[in-house]
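Listing of coords23.cif, mmCIF, C-alpha atoms
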```cif
data_upload
#
loop_
_atom_site.label_atom_id
_atom_site.label_comp_id
_atom_site.auth_asym_id
_atom_site.auth_seq_id
_atom_site.Cartn_x
_atom_site.Cartn_y
_atom_site.Cartn_z
CA MET A 1 0.00 0.00 0.00
CA SER A 2 1.40 3.40 -0.99
CA THR A 3 1.76 6.31 1.42
CA THR A 4 -1.03 8.11 -0.44
CA GLU A 5 -3.37 5.15 0.02
CA ILE A 6 -2.46 4.87 3.71
CA HIS A 7 -3.14 8.55 4.25
CA ALA A 8 -6.51 8.24 2.52
CA GLN A 9 -7.38 5.29 4.75
CA VAL A 10 -6.31 7.20 7.86
CA LYS A 11 -8.39 10.22 6.85
CA THR A 12 -11.45 7.95 6.63
CA ARG A 13 -10.74 6.56 10.08
CA LEU A 14 -10.26 10.08 11.41
CA ASP A 15 -13.71 10.97 10.13
CA ASP A 16 -15.14 7.99 12.01
CA VAL A 17 -13.49 9.15 15.24
CA ARG A 18 -14.75 12.69 14.68
CA SER A 19 -18.28 11.33 14.41
CA VAL A 20 -17.92 9.44 17.71
CA LEU A 21 -16.55 12.52 19.46
CA ALA A 22 -19.17 14.81 17.99
CA ARG A 23 -22.01 12.73 19.40
CA GLU A 24 -20.71 13.20 22.93
CA ILE A 25 -19.01 16.59 22.81
CA THR A 26 -21.28 18.82 20.74
CA GLY A 27 -23.51 20.87 23.01
CA ASN A 28 -22.44 19.04 26.18
CA GLN A 29 -20.57 20.49 29.13
CA ASP A 30 -19.96 17.30 31.11
CA VAL A 31 -17.28 15.67 28.95
CA CYS A 32 -13.55 15.52 29.70
CA LEU A 33 -10.49 14.12 27.94
CA THR A 34 -7.44 12.76 29.75
CA CYS A 35 -4.13 13.55 28.10
CA SER A 36 -0.68 12.24 28.96
CA PHE A 37 0.69 14.12 25.92
CA GLN A 38 1.65 10.89 24.25
CA ALA A 39 0.79 10.62 20.55
CA GLU A 40 -2.70 9.08 20.76
CA ASP A 41 -3.81 11.48 23.48
CA VAL A 42 -2.58 14.55 21.63
CA LEU A 43 -4.29 13.31 18.46
CA LEU A 44 -7.59 12.95 20.32
CA ALA A 45 -7.13 16.33 21.98
CA LYS A 46 -6.73 17.96 18.55
CA LEU A 47 -9.88 16.28 17.22
CA ALA A 48 -11.80 17.19 20.38
CA ILE A 49 -10.87 20.88 20.47
CA ASP A 50 -11.90 21.20 16.84
CA LEU A 51 -15.40 20.38 18.10
CA ASP A 52 -15.22 22.29 21.39
CA ALA A 53 -12.23 24.53 22.04
CA LYS A 54 -12.99 24.60 25.77
CA ILE A 55 -13.32 20.87 26.46
CA PRO A 56 -11.48 20.13 29.75
CA ILE A 57 -8.15 18.42 29.07
CA LEU A 58 -7.02 16.61 32.23
CA PHE A 59 -3.30 16.04 32.82
CA LEU A 60 -1.96 14.06 35.76
CA ASP A 61 0.83 16.26 37.06
CA THR A 62 2.60 13.71 39.22
CA GLY A 63 5.70 15.85 39.72
CA TYR A 64 7.81 13.03 38.30
CA HIS A 65 7.41 13.61 34.55
CA PHE A 66 10.32 14.09 32.17
CA ALA A 67 11.36 17.70 31.64
CA GLU A 68 10.61 17.11 27.96
CA THR A 69 7.04 16.11 28.79
CA TYR A 70 6.43 19.29 30.77
CA ALA A 71 7.97 21.46 28.04
CA TYR A 72 5.89 19.74 25.34
CA ARG A 73 2.73 20.03 27.45
CA ASP A 74 3.30 23.75 27.83
CA ARG A 75 4.04 24.20 24.14
CA ILE A 76 0.93 22.38 22.92
CA THR A 77 -1.24 24.04 25.57
CA SER A 78 -0.06 27.47 24.44
CA GLU A 79 -0.20 26.84 20.69
CA TRP A 80 -3.62 25.16 20.79
CA GLN A 81 -5.03 27.25 23.66
CA LEU A 82 -6.06 24.12 25.54
CA ASN A 83 -8.38 24.28 28.53
CA LEU A 84 -5.77 22.33 30.49
CA ILE A 85 -6.50 21.17 34.02
CA ASN A 86 -3.43 19.93 35.88
CA LEU A 87 -4.50 17.31 38.42
CA LEU A 88 -2.27 17.41 41.47
CA PRO A 89 -1.80 14.79 44.21
CA ALA A 90 -2.68 15.65 47.78
CA HIS A 91 1.02 15.91 48.68
CA THR A 92 4.01 17.35 46.85
CA VAL A 93 6.87 15.12 45.76
CA THR A 94 9.02 16.61 48.53
CA ASP A 95 6.44 15.89 51.24
CA GLN A 96 5.75 12.38 49.99
CA GLU A 97 9.42 11.48 49.81
CA ALA A 98 10.04 12.95 53.27
CA GLU A 99 7.32 10.73 54.72
CA HIS A 100 7.60 7.57 52.64
CA GLY A 101 10.92 7.68 50.83
CA LEU A 102 11.05 6.75 47.14
CA LEU A 103 7.74 4.95 46.79
CA TYR A 104 8.29 4.49 43.08
CA GLN A 105 11.11 2.12 44.06
CA SER A 106 9.74 0.50 47.22
CA ALA A 107 6.00 0.43 46.44
CA PRO A 108 5.19 1.55 42.88
CA ASP A 109 1.50 0.62 43.21
CA GLN A 110 1.16 2.94 46.20
CA CYS A 111 3.02 5.71 44.41
CA CYS A 112 0.70 5.45 41.41
CA LYS A 113 -2.31 5.35 43.72
CA LEU A 114 -1.35 8.57 45.47
CA ARG A 115 -0.08 10.52 42.49
CA LYS A 116 -2.28 9.25 39.65
CA VAL A 117 -5.26 7.10 40.59
CA GLU A 118 -6.75 9.16 43.42
CA PRO A 119 -6.39 12.58 41.71
CA LEU A 120 -7.82 11.28 38.44
CA PHE A 121 -10.82 9.48 39.91
CA ARG A 122 -11.70 12.55 41.99
CA ALA A 123 -11.68 14.67 38.84
CA VAL A 124 -13.41 12.23 36.49
CA ALA A 125 -16.29 11.80 38.95
CA GLU A 126 -17.39 15.34 38.02
CA TYR A 127 -18.12 14.36 34.41
CA ARG A 128 -20.57 12.17 32.51
CA VAL A 129 -18.15 11.14 29.76
CA TRP A 130 -14.41 10.39 29.99
CA ILE A 131 -12.51 10.24 26.68
CA THR A 132 -9.19 8.36 26.62
CA GLY A 133 -6.51 7.46 24.09
CA LEU A 134 -6.36 3.81 25.13
CA ARG A 135 -5.65 1.28 22.37
CA ARG A 136 -5.84 -2.52 22.39
CA GLU A 137 -2.42 -2.84 20.79
CA GLN A 138 -0.72 -1.01 23.68
CA ALA A 139 -0.65 -3.97 26.07
CA LYS A 140 -2.05 -7.45 26.65
CA SER A 141 -3.99 -6.00 29.57
CA ARG A 142 -5.87 -3.82 27.06
CA ALA A 143 -6.58 -6.47 24.42
CA GLY A 144 -10.25 -6.66 25.34
CA LEU A 145 -10.78 -2.90 25.50
CA ASP A 146 -14.25 -1.67 24.54
CA GLU A 147 -14.61 1.51 22.53
CA SER A 148 -17.45 2.55 24.82
CA ALA A 149 -18.37 1.22 28.26
CA LEU A 150 -19.60 2.36 31.63
CA PHE A 151 -16.73 2.58 34.11
CA THR A 152 -17.35 2.23 37.85
CA LEU A 153 -15.44 4.63 40.07
CA PRO A 154 -14.65 4.13 43.75
CA GLY A 155 -17.87 4.73 45.66
CA GLY A 156 -20.02 3.21 42.94
CA SER A 157 -20.69 6.14 40.60
CA GLN A 158 -20.23 5.50 36.90
CA VAL A 159 -18.85 7.45 33.96
CA LEU A 160 -19.12 6.60 30.26
CA LYS A 161 -15.57 5.83 29.18
CA LEU A 162 -14.81 6.26 25.49
CA ALA A 163 -11.75 4.90 23.71
CA PRO A 164 -12.33 5.97 20.07
CA LEU A 165 -8.86 4.75 19.04
CA ALA A 166 -9.26 1.31 20.63
CA ALA A 167 -8.74 -0.57 17.35
CA TRP A 168 -6.00 1.72 16.03
CA THR A 169 -2.40 0.61 15.60
CA THR A 170 0.65 2.69 16.44
CA ARG A 171 1.17 3.16 12.72
CA ASP A 172 -2.37 4.52 12.37
CA VAL A 173 -1.73 7.06 15.12
CA TRP A 174 1.57 8.23 13.67
CA TYR A 175 0.17 8.60 10.17
CA ALA A 176 -2.83 10.51 11.53
CA CYS A 177 -0.52 12.90 13.38
CA GLU A 178 1.41 13.35 10.15
CA VAL A 179 -1.77 14.05 8.17
CA LEU A 180 -2.84 16.65 10.74
CA SER A 181 0.68 18.13 11.12
CA ILE A 182 0.74 17.37 14.85
CA PRO A 183 4.23 17.60 16.37
CA LEU A 184 5.06 14.75 18.73
CA LEU A 185 6.75 14.50 22.11
CA PRO A 186 10.52 14.56 21.38
CA LEU A 187 11.13 11.56 23.65
CA TYR A 188 9.88 9.31 20.86
CA GLU A 189 12.92 10.31 18.84
CA ARG A 190 15.10 8.91 21.64
CA GLY A 191 13.45 5.50 21.32
CA TYR A 192 10.79 5.63 24.02
CA SER A 193 7.55 3.92 23.04
CA SER A 194 5.43 4.39 26.20
CA ILE A 195 6.14 7.42 28.34
CA GLY A 196 5.12 7.99 31.93
CA CYS A 197 6.95 9.26 35.01
CA GLU A 198 10.70 9.56 34.45
CA PRO A 199 11.82 7.30 37.36
CA CYS A 200 9.58 4.48 36.11
CA THR A 201 10.16 4.79 32.36
CA THR A 202 13.03 3.33 30.35
CA LEU A 203 13.54 2.42 26.72
CA PRO A 204 11.46 -0.68 25.84
CA GLN A 205 13.06 -3.90 26.99
CA ASP A 206 11.09 -5.93 24.43
CA PRO A 207 10.76 -4.41 20.93
CA ASN A 208 7.44 -6.22 20.53
CA ASP A 209 5.98 -4.76 23.74
CA PRO A 210 5.72 -0.96 23.72
CA ARG A 211 5.05 -0.86 27.49
CA SER A 212 7.99 -3.09 28.45
CA GLY A 213 9.93 -0.01 29.52
CA ARG A 214 7.42 0.87 32.24
CA TRP A 215 8.00 0.09 35.94
CA ALA A 216 11.02 -2.10 35.11
CA GLY A 217 8.65 -4.95 34.28
CA ARG A 218 7.20 -5.01 37.82
CA LYS A 219 3.69 -4.20 36.56
CA VAL A 220 1.91 -3.10 33.39
CA GLU A 221 -0.77 -0.64 34.56
CA CYS A 222 -0.72 2.34 36.91
CA GLY A 223 -4.30 1.68 38.03
CA ILE A 224 -6.27 4.52 36.47
CA HIS A 225 -7.85 2.13 33.99
CA ILE A 226 -8.69 -0.55 36.53
CA GLU A 227 -12.36 -0.49 37.42
CA ALA A 228 -13.41 -0.38 41.04
CA ALA A 229 -14.99 -3.52 42.48
CA PRO A 230 -18.81 -3.40 42.78
CA VAL A 231 -20.08 -1.86 46.02
CA LYS A 232 -21.82 -4.51 48.15
#
```
Write the structure described by the file as structure tokens, please.
Amino acid sequence: MSTTEIHAQVKTRLDDVRSVLAREITGNQDVCLTCSFQAEDVLLAKLAIDLDAKIPILFLDTGYHFAETYAYRDRITSEWQLNLINLLPAHTVTDQEAEHGLLYQSAPDQCCKLRKVEPLFRAVAEYRVWITGLRREQAKSRAGLDESALFTLPGGSQVLKLAPLAAWTTRDVWYACEVLSIPLLPLYERGYSSIGCEPCTTLPQDPNDPRSGRWAGRKVECGIHIEAAPVK
């Protein structure tokens, strides 16, 4: 397949995603989009703001991100005039480390809980629809991902979670960003394939597993996409 044919195919798929987003975003004020500023999230953010320039873009500011991630976040936010909401943990990095030491080394699940899971779930609970850039190809734990499903938050409330790019491949995402002239996070150029907090992110250990550079293989998910158990 030629590059021209691939671009035409991607443009068709982009139109499909635009239709999905339009159904939920147009005329609604209770929709949010989470953005890590990785390629798929930035792509969705661009499509979303074309429909509603003021849609809330939620970013988990853990305090541990790469300097490049923060610089890129600020650049895209400024150039696109994003309605960016930085979600902060209850405690600063300094306070957490003073009390618990380096949790990302000793207890990464607890670190993610404090700095990612709790802040995100508190924020998402204020919305009816949560749009994410999750894709099935990203990890085995996401292979069964639905494009649309109710997601139960701690406490039992539910939010409609949309993953319009669920069936997309990495190639699809990169071609779409090229078609739309979206600049990407420079860390990709250094070989990173899945980018989170700097202490817990390395180059991929397995070329066939884009998330194999996360948490030194100790786990595969931070917890923000793990549904709460039903309230009894």
Distance query A:Arg115 at most 9 Å, only C-alpha atoms, self and fewer than 4 positions along chain excluded, as an mmCIF file with C-alpha atoms, keeping the file's coordinate frame:
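result.cif written:
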```
data_model
loop_
_atom_site.group_PDB
_atom_site.id
_atom_site.type_symbol
_atom_site.label_atom_id
_atom_site.label_comp_id
_atom_site.auth_asym_id
_atom_site.auth_seq_id
_atom_site.Cartn_x
_atom_site.Cartn_y
_atom_site.Cartn_z
ATOM 1 C CA LEU A 60 -1.960 14.060 35.760
ATOM 2 C CA ASP A 61 0.830 16.260 37.060
ATOM 3 C CA THR A 62 2.600 13.710 39.220
ATOM 4 C CA GLY A 63 5.700 15.850 39.720
ATOM 5 C CA LEU A 88 -2.270 17.410 41.470
ATOM 6 C CA PRO A 89 -1.800 14.790 44.210
ATOM 7 C CA ALA A 90 -2.680 15.650 47.780
ATOM 8 C CA HIS A 91 1.020 15.910 48.680
ATOM 9 C CA VAL A 93 6.870 15.120 45.760
ATOM 10 C CA GLN A 110 1.160 2.940 46.200
ATOM 11 C CA CYS A 111 3.020 5.710 44.410
ATOM 12 C CA PRO A 119 -6.390 12.580 41.710
ATOM 13 C CA LEU A 120 -7.820 11.280 38.440
#
```
State, in Å with one decimal place, the distance from atom CA of A:Glu198 to atom CA of A:Phe66. 5.1 Å
I'd like the residues picked by the PyMOL selection byres ((chain A and resi 199-209) around 10) written out as JSON, numbers by chain, using the chain letters and numbers from the file. {"A": [64, 65, 66, 102, 104, 105, 108, 137, 138, 139, 140, 187, 188, 190, 191, 192, 193, 194, 195, 196, 197, 198, 210, 211, 212, 213, 214, 215, 216, 217, 218]}
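Rounded to one decimal, atom CA of A:Ala163 and atom CA of A:Gln81 lie 23.3 Å from each other.
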Using only C-alpha atoms, find the one residue out of A:Cys32, A:Ala167, A:Ala149, A:Ala71 that sits nearest to A:Trp130.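 Of the candidates, the smallest distance to A:Trp130 is held by A:Cys32.
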Between atom CA of A:Leu184 and atom CA of A:Ile224, measure the distance and give it in Å to one decimal. 23.4 Å
Might you spell out which residues the PyMOL selection byres ((chain A and resi 48) around 12) would select in the displayed file, as a PyMOL selection string? chain A and resi 14+17-26+31-35+41-47+49-57+80+82-83+131-133+164
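Counting all atoms listed in the file, the residue from A:Gln9, A:Lys116, A:His225, A:Leu180 that sits nearest to A:Phe151 is A:His225.
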Closest pair table for stretch 54-147 of chain A residues within 10 Å of stretch 152-155 of chain A, all atoms listed in the file, as JSON lines:
```
{"residue": "A:Glu118", "atom": "CA", "partner": "A:Pro154", "partner_atom": "CA", "distance": 9.4}
{"residue": "A:Phe121", "atom": "CA", "partner": "A:Leu153", "partner_atom": "CA", "distance": 6.7}
{"residue": "A:Arg122", "atom": "CA", "partner": "A:Leu153", "partner_atom": "CA", "distance": 9.0}
{"residue": "A:Val124", "atom": "CA", "partner": "A:Leu153", "partner_atom": "CA", "distance": 8.6}
{"residue": "A:Ala125", "atom": "CA", "partner": "A:Leu153", "partner_atom": "CA", "distance": 7.3}
```
Could you tell me which residues the PyMOL selection byres ((chain A and resi 148) around 6) returns for this structure, as a PyMOL selection string? chain A and resi 146-147+149+161-162
Residue among A:Pro186, A:Val159, A:Ala8, A:Glu99 lying closest to A:Tyr70, counting all atoms listed in the file: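 Smallest distance to A:Tyr70 is found for A:Pro186.
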